[in-house]
$ cat query_17.cif   # mmCIF, C-alpha atoms and all ligand atoms
data_model
#
loop_
_atom_site.label_atom_id
_atom_site.label_comp_id
_atom_site.auth_asym_id
_atom_site.auth_seq_id
_atom_site.Cartn_x
_atom_site.Cartn_y
_atom_site.Cartn_z
CA MET A 11 0.00 0.00 0.00
CA ILE A 12 1.27 3.45 -0.82
CA GLN A 13 1.69 5.78 2.15
CA LYS A 14 -0.18 9.03 1.58
CA GLY A 15 2.54 11.20 3.12
CA ALA A 16 5.28 9.52 1.12
CA CYS A 17 3.33 9.92 -2.07
CA LEU A 18 2.63 13.59 -1.49
CA ARG A 19 6.28 14.08 -0.68
CA SER A 20 7.30 12.36 -3.87
CA LEU A 21 4.82 14.47 -5.81
CA PHE A 22 6.37 17.58 -4.36
CA GLN A 23 9.89 16.33 -4.97
CA SER A 24 9.10 15.65 -8.59
CA PHE A 25 7.66 19.10 -8.87
CA GLN A 26 10.53 20.76 -7.07
CA THR A 27 13.28 19.19 -9.09
CA GLY A 28 11.69 20.27 -12.38
CA SER A 29 13.77 22.92 -14.07
CA SER A 30 10.77 24.71 -15.49
CA LEU A 31 7.14 25.11 -14.70
CA SER A 32 6.40 24.25 -18.28
CA LYS A 33 6.80 20.75 -16.91
CA LEU A 34 3.62 21.30 -14.98
CA GLY A 35 1.56 19.69 -17.69
CA ALA A 36 3.57 16.47 -17.42
CA TYR A 37 3.42 16.58 -13.66
CA TYR A 38 -0.29 17.17 -13.84
CA CYS A 39 -0.78 13.88 -15.70
CA TYR A 40 1.53 12.09 -13.32
CA ALA A 41 -0.11 13.68 -10.32
CA SER A 42 -3.62 12.88 -11.40
CA GLN A 43 -2.68 9.25 -12.13
CA VAL A 44 -1.07 8.82 -8.73
CA ALA A 45 -3.66 10.84 -6.90
CA SER A 46 -6.48 8.86 -8.42
CA ARG A 47 -4.95 5.75 -6.81
CA LEU A 48 -5.15 7.39 -3.42
CA GLU A 49 -8.14 8.02 -1.27
CA GLN A 50 -8.63 11.37 0.44
CA VAL A 51 -5.37 12.83 -0.73
CA GLU A 52 -5.91 16.50 -1.24
CA LYS A 53 -4.88 17.40 -4.76
CA PRO A 54 -2.36 20.23 -4.54
CA SER A 55 -4.16 23.24 -5.95
CA VAL A 56 -1.33 23.87 -8.39
CA TYR A 57 -2.91 21.01 -10.22
CA SER A 58 -6.32 22.51 -9.69
CA ASP A 59 -8.40 23.19 -12.76
CA ASP A 60 -10.03 26.12 -10.99
CA GLU A 61 -9.38 29.34 -12.78
CA TYR A 62 -9.89 31.29 -9.58
CA ALA A 63 -9.52 30.76 -5.84
CA ASP A 64 -12.64 31.26 -3.77
CA VAL A 65 -12.12 34.93 -2.94
CA ASP A 66 -14.39 37.97 -2.77
CA TRP A 67 -12.49 39.80 -5.51
CA ASP A 68 -14.57 42.96 -5.10
CA ASN A 69 -13.34 43.56 -1.57
CA LEU A 70 -9.61 43.04 -1.72
CA GLY A 71 -7.50 45.33 0.40
CA PHE A 72 -3.82 45.20 1.14
CA LYS A 73 -3.95 42.49 3.75
CA ILE A 74 -2.44 39.05 3.88
CA MET A 75 -4.46 36.49 1.99
CA PRO A 76 -1.79 33.89 1.39
CA ALA A 77 -1.73 32.03 -1.89
CA ASP A 78 -1.21 28.25 -1.86
CA TYR A 79 2.55 27.96 -2.34
CA MET A 80 5.79 29.50 -1.21
CA TYR A 81 9.28 28.97 -2.55
CA THR A 82 12.30 28.37 -0.33
CA THR A 83 16.01 27.83 -0.75
CA ARG A 84 18.84 28.00 1.77
CA CYS A 85 22.60 28.33 1.64
CA SER A 86 25.46 28.76 4.06
CA LYS A 87 27.49 31.95 4.40
CA ASP A 88 30.11 31.17 1.78
CA GLU A 89 27.92 29.29 -0.67
CA ASN A 90 25.64 30.25 -3.51
CA PHE A 91 21.93 29.56 -3.47
CA GLU A 92 20.77 26.51 -5.36
CA GLN A 93 17.42 25.97 -6.96
CA GLY A 94 14.67 26.09 -4.36
CA GLN A 95 11.50 24.22 -3.69
CA LEU A 96 7.82 24.94 -3.67
CA SER A 97 5.89 23.93 -0.60
CA PRO A 98 2.47 24.78 0.78
CA TYR A 99 2.40 28.24 2.36
CA GLY A 100 2.93 27.89 6.09
CA ASN A 101 5.01 28.70 9.13
CA ILE A 102 8.75 28.29 8.93
CA GLU A 103 11.09 26.99 11.59
CA LEU A 104 13.72 29.47 12.73
CA SER A 105 16.42 29.29 15.38
CA PRO A 106 15.76 31.74 18.24
CA SER A 107 19.26 33.03 17.58
CA ALA A 108 18.74 33.57 13.84
CA GLY A 109 20.59 36.63 12.55
CA ALA A 110 17.39 38.07 11.09
CA LEU A 111 15.53 37.87 14.40
CA ASN A 112 18.35 39.19 16.57
CA TYR A 113 20.18 41.66 14.39
CA GLY A 114 17.72 42.45 11.63
CA GLN A 115 19.86 40.89 8.91
CA GLY A 116 17.10 40.74 6.35
CA LEU A 117 15.80 42.26 3.14
CA TYR A 118 12.49 42.09 1.40
CA GLU A 119 11.18 42.89 -2.05
CA GLY A 120 7.76 43.48 -3.54
CA THR A 121 6.58 42.85 -7.07
CA LYS A 122 3.27 41.94 -8.68
CA ALA A 123 1.73 39.50 -11.16
CA TYR A 124 -1.09 40.79 -13.36
CA ARG A 125 -3.86 38.89 -15.15
CA THR A 126 -4.59 40.36 -18.58
CA GLU A 127 -8.02 40.64 -20.21
CA ASP A 128 -7.08 37.81 -22.57
CA GLY A 129 -6.06 35.53 -19.71
CA ARG A 130 -2.27 35.87 -19.75
CA PHE A 131 -0.07 36.42 -16.67
CA LEU A 132 2.45 39.25 -16.67
CA LEU A 133 5.26 40.26 -14.34
CA PHE A 134 6.62 43.80 -14.31
CA ARG A 135 10.42 44.23 -14.29
CA PRO A 136 11.19 41.48 -11.74
CA ASP A 137 14.85 41.66 -12.79
CA GLN A 138 14.95 45.12 -11.23
CA ASN A 139 13.79 43.70 -7.91
CA ALA A 140 16.43 41.00 -8.25
CA MET A 141 19.14 43.61 -8.79
CA ARG A 142 17.92 45.69 -5.88
CA MET A 143 18.00 42.62 -3.65
CA LYS A 144 21.53 41.89 -4.81
CA MET A 145 22.69 45.40 -3.94
CA GLY A 146 20.93 45.29 -0.62
CA ALA A 147 22.43 41.89 0.18
CA GLU A 148 25.88 43.26 -0.47
CA ARG A 149 25.18 46.11 1.99
CA MET A 150 23.83 43.69 4.60
CA CYS A 151 26.66 41.12 4.19
CA MET A 152 24.40 38.40 2.82
CA PRO A 153 24.71 36.08 -0.17
CA SER A 154 21.90 36.69 -2.65
CA PRO A 155 20.17 34.66 -5.33
CA SER A 156 21.37 35.40 -8.85
CA ILE A 157 19.12 37.55 -11.05
CA ASP A 158 18.01 34.41 -12.91
CA GLN A 159 17.29 32.49 -9.71
CA PHE A 160 15.25 35.38 -8.34
CA VAL A 161 13.21 35.79 -11.51
CA TYR A 162 12.74 32.05 -11.82
CA ALA A 163 11.42 31.86 -8.25
CA VAL A 164 8.99 34.71 -8.93
CA LYS A 165 7.79 32.97 -12.09
CA GLN A 166 7.31 29.70 -10.21
CA ILE A 167 5.33 31.41 -7.47
CA THR A 168 3.17 33.12 -10.09
CA LEU A 169 2.32 29.90 -11.90
CA ALA A 170 1.83 27.79 -8.80
CA ASN A 171 -0.53 30.41 -7.37
CA LYS A 172 -2.18 31.59 -10.57
CA ARG A 173 -5.72 31.01 -9.27
CA TRP A 174 -4.94 33.73 -6.68
CA ILE A 175 -4.25 36.34 -9.38
CA PRO A 176 -7.36 38.53 -9.24
CA PRO A 177 -9.50 39.18 -12.33
CA PRO A 178 -8.35 42.17 -14.41
CA GLY A 179 -9.28 45.42 -12.74
CA LYS A 180 -9.87 43.85 -9.33
CA GLY A 181 -6.32 43.59 -8.06
CA THR A 182 -3.02 41.78 -8.44
CA LEU A 183 -0.95 39.01 -6.93
CA TYR A 184 1.55 40.75 -4.66
CA ILE A 185 4.77 38.72 -4.55
CA ARG A 186 7.02 39.08 -1.55
CA PRO A 187 10.60 37.76 -1.83
CA LEU A 188 12.50 37.68 1.48
CA LEU A 189 16.20 37.20 2.11
CA MET A 190 17.27 36.63 5.69
CA GLY A 191 20.05 35.50 7.94
CA SER A 192 18.36 32.34 9.18
CA GLY A 193 21.38 30.71 10.83
CA PRO A 194 22.11 31.04 14.56
CA ILE A 195 24.57 33.69 15.74
CA LEU A 196 25.17 35.19 19.17
CA GLY A 197 28.03 37.63 18.78
CA LEU A 198 27.29 40.37 16.27
CA GLY A 199 28.27 39.18 12.81
CA PRO A 200 26.82 37.80 9.59
CA ALA A 201 24.66 34.71 10.15
CA PRO A 202 26.12 31.34 9.12
CA GLU A 203 23.07 30.41 6.99
CA TYR A 204 20.65 32.29 4.70
CA THR A 205 17.12 31.68 3.48
CA PHE A 206 15.57 33.06 0.31
CA LEU A 207 11.82 32.68 0.50
CA VAL A 208 9.04 33.93 -1.78
CA TYR A 209 5.36 34.00 -0.90
CA ALA A 210 2.37 35.74 -2.45
CA SER A 211 -0.96 37.28 -1.54
CA SER A 212 -3.90 38.57 -3.58
CA VAL A 213 -4.18 42.33 -3.06
CA GLY A 214 -6.32 45.28 -4.03
CA ASN A 215 -5.69 48.94 -3.18
CA TYR A 216 -2.90 49.71 -0.72
CA PHE A 217 -4.56 52.70 0.89
CA LYS A 218 -7.98 52.57 2.50
CA GLU A 219 -8.72 55.69 0.45
CA GLY A 220 -8.79 53.38 -2.61
CA SER A 221 -7.91 55.54 -5.56
CA ALA A 222 -9.06 58.74 -3.81
CA PRO A 223 -6.38 61.41 -3.19
CA LEU A 224 -4.09 60.94 -0.18
CA ASN A 225 -3.61 63.35 2.69
CA LEU A 226 0.04 63.42 3.76
CA PHE A 227 1.57 64.73 6.95
CA VAL A 228 5.09 66.18 6.86
CA GLU A 229 6.97 64.61 9.78
CA GLU A 230 9.36 66.96 11.57
CA GLU A 231 10.27 64.97 14.67
CA PHE A 232 11.27 61.57 13.29
CA VAL A 233 13.50 60.91 10.29
CA ARG A 234 13.44 57.75 8.18
CA ALA A 235 17.09 57.46 7.21
CA THR A 236 20.42 59.20 7.63
CA PRO A 237 23.33 59.76 5.21
CA GLY A 238 25.67 56.77 5.38
CA GLY A 239 22.91 54.55 6.78
CA ALA A 240 20.88 51.90 4.99
CA GLY A 241 17.84 53.97 3.90
CA GLY A 242 18.57 53.16 0.26
CA VAL A 243 18.20 49.41 0.67
CA LYS A 244 15.03 47.51 1.37
CA THR A 245 16.11 46.11 4.70
CA SER A 246 13.34 45.16 7.10
CA GLY A 247 14.97 47.32 9.78
CA ASN A 248 14.01 50.49 7.90
CA TYR A 249 10.33 49.85 8.41
CA ALA A 250 9.62 49.27 12.12
CA PRO A 251 11.13 52.66 13.05
CA VAL A 252 8.61 54.51 10.86
CA LEU A 253 5.61 52.86 12.53
CA LYS A 254 5.42 55.38 15.35
CA ALA A 255 5.20 58.36 13.04
CA LEU A 256 2.89 56.47 10.69
CA MET A 257 0.45 55.41 13.42
CA ARG A 258 0.45 58.88 14.91
CA ALA A 259 -0.40 60.39 11.53
CA LYS A 260 -3.07 57.77 10.79
CA ASN A 261 -4.68 58.37 14.17
CA ARG A 262 -4.95 62.00 13.20
CA GLY A 263 -6.70 61.09 9.95
CA PHE A 264 -3.77 61.29 7.53
CA SER A 265 -3.06 58.64 4.92
CA ASP A 266 0.71 58.53 5.40
CA VAL A 267 3.84 60.42 6.44
CA LEU A 268 6.18 62.42 4.25
CA TYR A 269 9.73 62.40 5.64
CA LEU A 270 12.30 65.16 5.46
CA ASP A 271 16.07 64.79 5.26
CA ALA A 272 17.86 64.05 8.53
CA VAL A 273 20.46 66.82 8.27
CA LYS A 274 18.65 70.02 7.34
CA ARG A 275 15.12 68.80 8.04
CA LYS A 276 13.88 70.76 5.08
CA ASN A 277 14.24 68.64 1.95
CA LEU A 278 11.78 65.98 0.79
CA GLU A 279 12.79 62.35 1.15
CA GLU A 280 9.93 59.91 0.65
CA VAL A 281 6.75 58.48 2.14
CA SER A 282 6.74 55.38 4.42
CA SER A 283 6.48 52.91 1.57
CA CYS A 284 6.61 54.96 -1.63
CA ASN A 285 8.46 57.70 -3.48
CA ILE A 286 7.21 61.25 -3.92
CA PHE A 287 6.93 63.46 -7.02
CA ILE A 288 5.87 67.08 -7.49
CA VAL A 289 4.57 68.67 -10.68
CA LYS A 290 4.93 72.34 -11.62
CA GLY A 291 3.91 73.23 -15.16
CA ASN A 292 5.76 70.90 -17.50
CA VAL A 293 8.40 69.97 -14.91
CA ILE A 294 8.12 66.84 -12.80
CA SER A 295 10.58 66.58 -9.92
CA THR A 296 11.45 63.82 -7.48
CA PRO A 297 14.13 63.66 -4.77
CA ALA A 298 17.44 62.32 -6.09
CA ALA A 299 18.34 58.86 -4.83
CA ASN A 300 21.52 59.50 -2.83
CA GLY A 301 21.39 56.58 -0.44
CA THR A 302 18.74 57.76 1.99
CA ILE A 303 15.64 56.95 -0.08
CA LEU A 304 14.65 53.70 -1.70
CA GLU A 305 15.16 53.90 -5.45
CA GLY A 306 11.75 52.61 -6.47
CA ILE A 307 11.21 50.57 -9.60
CA THR A 308 7.92 52.38 -10.09
CA ARG A 309 9.77 55.70 -9.63
CA LYS A 310 12.28 54.73 -12.30
CA SER A 311 9.53 53.59 -14.68
CA VAL A 312 7.42 56.71 -14.13
CA VAL A 313 10.45 58.93 -14.76
CA GLU A 314 10.94 57.19 -18.11
CA ILE A 315 7.24 57.34 -19.04
CA ALA A 316 7.05 61.04 -18.11
CA ARG A 317 10.05 61.83 -20.32
CA ASP A 318 8.47 59.87 -23.17
CA HIS A 319 5.33 61.99 -22.69
CA GLY A 320 7.36 65.17 -23.13
CA TYR A 321 7.72 66.29 -19.51
CA GLN A 322 10.98 67.61 -18.16
CA VAL A 323 11.93 65.33 -15.28
CA GLU A 324 14.38 66.39 -12.60
CA GLU A 325 15.91 64.20 -9.89
CA ARG A 326 17.30 66.63 -7.35
CA VAL A 327 17.09 68.16 -3.89
CA ILE A 328 13.54 69.46 -3.33
CA PRO A 329 12.95 71.82 -0.40
CA VAL A 330 9.58 71.32 1.28
CA ASP A 331 8.80 74.98 0.49
CA GLU A 332 8.81 74.06 -3.19
CA LEU A 333 6.27 71.32 -2.65
CA ILE A 334 3.88 73.84 -1.16
CA ASP A 335 3.99 75.71 -4.43
CA ALA A 336 3.46 72.63 -6.66
CA ASP A 337 0.47 72.08 -8.96
CA GLU A 338 0.35 68.37 -8.23
CA VAL A 339 1.92 65.89 -5.85
CA PHE A 340 1.85 62.12 -6.28
CA CYS A 341 3.41 58.96 -4.85
CA THR A 342 4.79 55.91 -6.65
CA GLY A 343 5.43 52.35 -5.53
CA THR A 344 4.64 48.75 -6.40
CA ALA A 345 1.97 48.59 -3.73
CA VAL A 346 0.57 52.13 -4.14
CA VAL A 347 1.08 52.27 -7.97
CA VAL A 348 0.80 56.01 -8.86
CA ALA A 349 -1.32 57.65 -6.17
CA PRO A 350 -2.55 61.26 -6.23
CA VAL A 351 -1.93 63.45 -3.18
CA GLY A 352 -4.81 65.84 -2.45
CA THR A 353 -3.34 67.62 0.57
CA VAL A 354 -0.07 67.94 2.44
CA THR A 355 -0.04 69.26 6.01
CA TYR A 356 3.16 71.02 7.06
CA GLN A 357 3.63 73.03 10.25
CA ASN A 358 -0.11 73.04 10.88
CA ARG A 359 -0.93 74.38 7.45
CA ARG A 360 -2.81 72.30 4.91
CA PHE A 361 -1.89 72.72 1.25
CA GLU A 362 -4.12 71.46 -1.56
CA PHE A 363 -3.15 70.10 -4.96
CA THR A 364 -4.85 69.36 -8.24
CA THR A 365 -6.07 65.80 -8.71
CA GLY A 366 -8.55 64.12 -11.04
CA ALA A 367 -9.17 62.86 -14.52
CA HIS A 368 -7.00 65.38 -16.36
CA SER A 369 -4.06 65.43 -13.97
CA VAL A 370 -0.50 64.48 -14.87
CA CYS A 371 -0.70 61.84 -12.16
CA GLN A 372 -3.68 60.19 -13.87
CA GLU A 373 -1.93 60.29 -17.23
CA LEU A 374 1.16 58.55 -15.83
CA TYR A 375 -0.94 56.09 -13.84
CA SER A 376 -2.93 55.05 -16.92
CA THR A 377 0.18 54.50 -19.00
CA LEU A 378 2.01 52.54 -16.33
CA VAL A 379 -0.97 50.32 -15.46
CA GLY A 380 -1.74 49.94 -19.17
CA ILE A 381 1.73 48.49 -19.75
CA GLN A 382 1.61 46.34 -16.60
CA THR A 383 -1.73 44.79 -17.53
CA GLY A 384 -1.04 44.32 -21.23
CA VAL A 385 -3.58 46.96 -22.35
CA ILE A 386 -0.84 49.19 -23.78
CA GLU A 387 1.82 47.62 -25.95
CA ASP A 388 5.05 47.21 -23.99
CA LYS A 389 7.69 48.71 -26.25
CA LYS A 390 10.26 48.74 -23.47
CA GLY A 391 10.46 45.05 -22.68
CA TRP A 392 9.35 45.68 -19.10
CA THR A 393 6.78 42.91 -18.87
CA ILE A 394 7.45 39.18 -18.82
CA GLU A 395 4.74 36.73 -19.72
CA VAL A 396 4.67 33.69 -17.46
CA ASN A 397 3.45 30.42 -18.87
C1 LIG B 1 10.43 53.13 1.51
C2 LIG B 1 9.97 52.82 0.14
N1 LIG B 1 10.12 53.75 -0.83
C3 LIG B 1 9.72 53.53 -2.09
C4 LIG B 1 9.14 52.34 -2.45
C5 LIG B 1 8.72 52.12 -3.87
O1 LIG B 1 9.55 51.18 -4.50
P1 LIG B 1 8.99 50.31 -5.72
O2 LIG B 1 8.47 51.27 -6.72
O3 LIG B 1 10.17 49.56 -6.19
O4 LIG B 1 7.94 49.45 -5.16
C6 LIG B 1 8.94 51.35 -1.48
C7 LIG B 1 8.29 50.09 -1.83
O5 LIG B 1 8.91 49.15 -2.19
C8 LIG B 1 9.39 51.60 -0.17
O6 LIG B 1 9.23 50.67 0.78
#
$ encode --input "query_17.cif" --output "structure tokens"
Amino acid sequence: MIQKGACLRSLFQSFQTGSSLSKLGAYYCYASQVASRLEQVEKPSVYSDDEYADVDWDNLGFKIMPADYMYTTRCSKDENFEQGQLSPYGNIELSPSAGALNYGQGLYEGTKAYRTEDGRFLLFRPDQNAMRMKMGAERMCMPSPSIDQFVYAVKQITLANKRWIPPPGKGTLYIRPLLMGSGPILGLGPAPEYTFLVYASSVGNYFKEGSAPLNLFVEEEFVRATPGGAGGVKTSGNYAPVLKALMRAKNRGFSDVLYLDAVKRKNLEEVSSCNIFIVKGNVISTPAANGTILEGITRKSVVEIARDHGYQVEERVIPVDELIDADEVFCTGTAVVVAPVGTVTYQNRRFEFTTGAHSVCQELYSTLVGIQTGVIEDKKGWTIEVN
């Protein structure tokens, strides 16, 4: 008699050792043959014929709704990562003395998979996330997956969880790659072992405002990053310290916090989880990425789209006084996309900005989302079809 556990394990092993998800079809046949010989073995949903998971797609927010599978691979300090494995999404075992838990030796990334109107699945510039993780890993003394390994893992997660990719217009599959020092370490130093893990969640709008304009609060007490620090990399340790300012602002009815530079406390940096842009006439400006702000992939893409549309784009120091005088303000990020800012409150004064159908923000949003969702032809090679 075949043991159920052993069979499921062997199914997974077969799946994991495949070099490409295009092998899924073959595995599907194999899986259904084996599974049909077993009673009460739950068919892994990657083999599910369901087009969609059972989700209320009209009410997605930005909260964790884990998709079926995660991807994991480990390596020791002086090794390179090898191909990882898919397993059902679930808790992971970690040493209490793991470097990530004790010393914050960890990075994360965020990218999305989109379902097109004609039923294809697209990724948007995942190689850029891979490169950013590589740079961050170098800063945090960690080995990192190669660009190919990273992109391959993201593709695998997309395919294995495709029924969690919301219908077009309802949301996206948010993909969260993590890199962490998972090995035990007591004295301060790089961990002896590292884990690269990717999981995914169906998401809708990031802000509770939906697509309505945001109300930002300019934070003058707390700073997000300092010159020479790690503000420019996506290390987990950059995020907990902003919670206090963020919660304080949210409790006062604001959508998010806009940070100023740590030295002069007068130049714009970024928002808690997105970059900031201001528009004045035909000029679109955004703070230069000099190591204290995260160089967003959406920021980079929007800069390119804006130039293509004939705007003059400047990456430079922007005093907060200049923002007050702007026509428009907007934020960019994978999670927030391109979000209009309706008001900014600075030193107890509330400044209003143009938003709406004919705004520059809306124009850039439509083009970016059009490319991401396959509605506008991608002439830049930014999207990757996963199949
Ligand atoms: C602090 C911060 N700034 C900016 C961004 C936007 O980056 P991206 O456009 O790559 O998502 C993010 C989100 O990743 C972020 O966490």
$ residues_near_ligand --input "query_17.cif" --ligand "ligand LIG 1 (chain B)" --cutoff "10 Å" --atoms "all atoms listed in the file" --output "PyMOL selection string"
chain A and resi 118-122+135-136+138-139+142+234-235+241-246+248-249+252+279-286+302-312+341-348
$ atom_distance --input "query_17.cif" --atom1 "atom CA of Ala108 of chain A" --atom2 "atom CA of Tyr162 of chain A"
26.4 Å
$ atom_distance --input "query_17.cif" --atom1 "atom CA of Thr182 of chain A" --atom2 "atom CA of Ala259 of chain A"
27.4 Å
$ residues_around --input "query_17.cif" --residues "Ile195 of chain A" --least-positions-apart "3" --cutoff "10 Å" --atoms "all atoms listed in the file" --output "list of chain:residue names"
A:Ser105, A:Pro106, A:Ser107, A:Ala108, A:Gly109, A:Ala110, A:Asn112, A:Tyr113, A:Gly191, A:Ser192, A:Leu198, A:Gly199, A:Pro200, A:Ala201, A:Pro202, A:Glu203
$ residues_near_point --input "query_17.cif" --point "(13.0, 61.7, -10.3)" --cutoff "9 Å" --atoms "only C-alpha atoms" --output "list of chain:residue names"
A:Ile286, A:Phe287, A:Ile294, A:Ser295, A:Thr296, A:Pro297, A:Ala298, A:Ala299, A:Arg309, A:Lys310, A:Val312, A:Val313, A:Val323, A:Glu324, A:Glu325, A:Arg326
$ write_last_selection --input "query_17.cif" --atoms "C-alpha atoms" --output "short mmCIF file (atom, residue, chain, number, x, y, z; two decimals), keeping the file's coordinate frame"
data_model
loop_
_atom_site.label_atom_id
_atom_site.label_comp_id
_atom_site.auth_asym_id
_atom_site.auth_seq_id
_atom_site.Cartn_x
_atom_site.Cartn_y
_atom_site.Cartn_z
CA ILE A 286 7.21 61.25 -3.92
CA PHE A 287 6.93 63.46 -7.02
CA ILE A 294 8.12 66.84 -12.80
CA SER A 295 10.58 66.58 -9.92
CA THR A 296 11.45 63.82 -7.48
CA PRO A 297 14.13 63.66 -4.77
CA ALA A 298 17.44 62.32 -6.09
CA ALA A 299 18.34 58.86 -4.83
CA ARG A 309 9.77 55.70 -9.63
CA LYS A 310 12.28 54.73 -12.30
CA VAL A 312 7.42 56.71 -14.13
CA VAL A 313 10.45 58.93 -14.76
CA VAL A 323 11.93 65.33 -15.28
CA GLU A 324 14.38 66.39 -12.60
CA GLU A 325 15.91 64.20 -9.89
CA ARG A 326 17.30 66.63 -7.35
#
$ closest_residue --input "query_17.cif" --among "A:Asp271, A:Asp137, A:Asp337, A:Glu231" --to "Ile394 of chain A" --atoms "all atoms listed in the file"
A:Asp137
$ closest_residue --input "query_17.cif" --among "A:Gly129, A:Pro155, A:Gly146, A:Gly193" --to "Thr83 of chain A" --atoms "all atoms listed in the file"
A:Pro155
$ atom_distance --input "query_17.cif" --atom1 "atom CA of Leu278 of chain A" --atom2 "atom CA of Val327 of chain A"
7.4 Å
$ closest_residue --input "query_17.cif" --among "A:Trp174, A:Tyr375, A:Phe227, A:Phe206" --to "Asp64 of chain A" --atoms "only C-alpha atoms"
A:Trp174
$ residues_near_point --input "query_17.cif" --point "(-3.7, 51.9, -16.1)" --cutoff "12 Å" --atoms "all atoms listed in the file" --output "short mmCIF file (atom, residue, chain, number, x, y, z; two decimals) with C-alpha atoms, in the coordinates of the input"
data_model
loop_
_atom_site.label_atom_id
_atom_site.label_comp_id
_atom_site.auth_asym_id
_atom_site.auth_seq_id
_atom_site.Cartn_x
_atom_site.Cartn_y
_atom_site.Cartn_z
CA TYR A 124 -1.09 40.79 -13.36
CA THR A 126 -4.59 40.36 -18.58
CA PRO A 178 -8.35 42.17 -14.41
CA GLY A 179 -9.28 45.42 -12.74
CA GLY A 181 -6.32 43.59 -8.06
CA SER A 221 -7.91 55.54 -5.56
CA VAL A 347 1.08 52.27 -7.97
CA VAL A 348 0.80 56.01 -8.86
CA ALA A 349 -1.32 57.65 -6.17
CA CYS A 371 -0.70 61.84 -12.16
CA GLN A 372 -3.68 60.19 -13.87
CA GLU A 373 -1.93 60.29 -17.23
CA LEU A 374 1.16 58.55 -15.83
CA TYR A 375 -0.94 56.09 -13.84
CA SER A 376 -2.93 55.05 -16.92
CA THR A 377 0.18 54.50 -19.00
CA LEU A 378 2.01 52.54 -16.33
CA VAL A 379 -0.97 50.32 -15.46
CA GLY A 380 -1.74 49.94 -19.17
CA ILE A 381 1.73 48.49 -19.75
CA GLN A 382 1.61 46.34 -16.60
CA THR A 383 -1.73 44.79 -17.53
CA GLY A 384 -1.04 44.32 -21.23
CA VAL A 385 -3.58 46.96 -22.35
CA ILE A 386 -0.84 49.19 -23.78
#
$ closest_residue --input "query_17.cif" --among "A:Ala255, A:Ala170, A:Ala240, A:Leu104" --to "Asn397 of chain A" --atoms "only C-alpha atoms"
A:Ala170
$ closest_residue --input "query_17.cif" --among "A:Val228, A:Met141, A:Ala147, A:Val233" --to "Lys87 of chain A" --atoms "only C-alpha atoms"
A:Ala147
$ closest_residue --input "query_17.cif" --among "A:Pro350, A:Gly116, A:Gly263, A:Gly71" --to "Pro187 of chain A" --atoms "all atoms listed in the file"
A:Gly116
$ residues_around --input "query_17.cif" --residues "Ile175 of chain A" --least-positions-apart "5" --cutoff "10 Å" --atoms "all atoms listed in the file" --output "VMD selection string"
chain A and resid 61 to 63 67 77 122 to 125 131 168 to 169 180 to 184 210 to 213
$ write_last_selection --input "query_17.cif" --atoms "C-alpha atoms" --output "tab-separated table (two decimals), in the coordinates of the input"
chain	number	residue	atom	x	y	z
A	61	GLU	CA	-9.38	29.34	-12.78
A	62	TYR	CA	-9.89	31.29	-9.58
A	63	ALA	CA	-9.52	30.76	-5.84
A	67	TRP	CA	-12.49	39.80	-5.51
A	77	ALA	CA	-1.73	32.03	-1.89
A	122	LYS	CA	3.27	41.94	-8.68
A	123	ALA	CA	1.73	39.50	-11.16
A	124	TYR	CA	-1.09	40.79	-13.36
A	125	ARG	CA	-3.86	38.89	-15.15
A	131	PHE	CA	-0.07	36.42	-16.67
A	168	THR	CA	3.17	33.12	-10.09
A	169	LEU	CA	2.32	29.90	-11.90
A	180	LYS	CA	-9.87	43.85	-9.33
A	181	GLY	CA	-6.32	43.59	-8.06
A	182	THR	CA	-3.02	41.78	-8.44
A	183	LEU	CA	-0.95	39.01	-6.93
A	184	TYR	CA	1.55	40.75	-4.66
A	210	ALA	CA	2.37	35.74	-2.45
A	211	SER	CA	-0.96	37.28	-1.54
A	212	SER	CA	-3.90	38.57	-3.58
A	213	VAL	CA	-4.18	42.33	-3.06
$ residues_around --input "query_17.cif" --residues "Lys144 of chain A" --least-positions-apart "5" --cutoff "8 Å" --atoms "only C-alpha atoms" --output "ChimeraX atom specification"
/A:154-157
$ write_last_selection --input "query_17.cif" --atoms "C-alpha atoms" --output "tab-separated table (two decimals), keeping the file's coordinate frame"
chain	number	residue	atom	x	y	z
A	154	SER	CA	21.90	36.69	-2.65
A	155	PRO	CA	20.17	34.66	-5.33
A	156	SER	CA	21.37	35.40	-8.85
A	157	ILE	CA	19.12	37.55	-11.05
$ decode --input "query_17.cif" --residues "segment 197-202 of chain A" --atoms "N, CA and C atoms" --output "short mmCIF file (atom, residue, chain, number, x, y, z; two decimals), in the first residue's frame"
data_model
loop_
_atom_site.label_atom_id
_atom_site.label_comp_id
_atom_site.auth_asym_id
_atom_site.auth_seq_id
_atom_site.Cartn_x
_atom_site.Cartn_y
_atom_site.Cartn_z
N GLY A 197 27.26 36.39 18.88
CA GLY A 197 28.03 37.63 18.78
C GLY A 197 27.67 38.33 17.49
N LEU A 198 27.70 39.65 17.48
CA LEU A 198 27.29 40.37 16.27
C LEU A 198 28.19 40.01 15.08
N GLY A 199 27.55 39.55 14.02
CA GLY A 199 28.27 39.18 12.81
C GLY A 199 27.28 38.62 11.82
N PRO A 200 27.74 38.37 10.59
CA PRO A 200 26.82 37.80 9.59
C PRO A 200 26.42 36.38 10.00
N ALA A 201 25.16 36.04 9.78
CA ALA A 201 24.66 34.71 10.15
C ALA A 201 25.37 33.63 9.33
N PRO A 202 25.44 32.41 9.87
CA PRO A 202 26.12 31.34 9.12
C PRO A 202 25.26 30.74 8.01
#
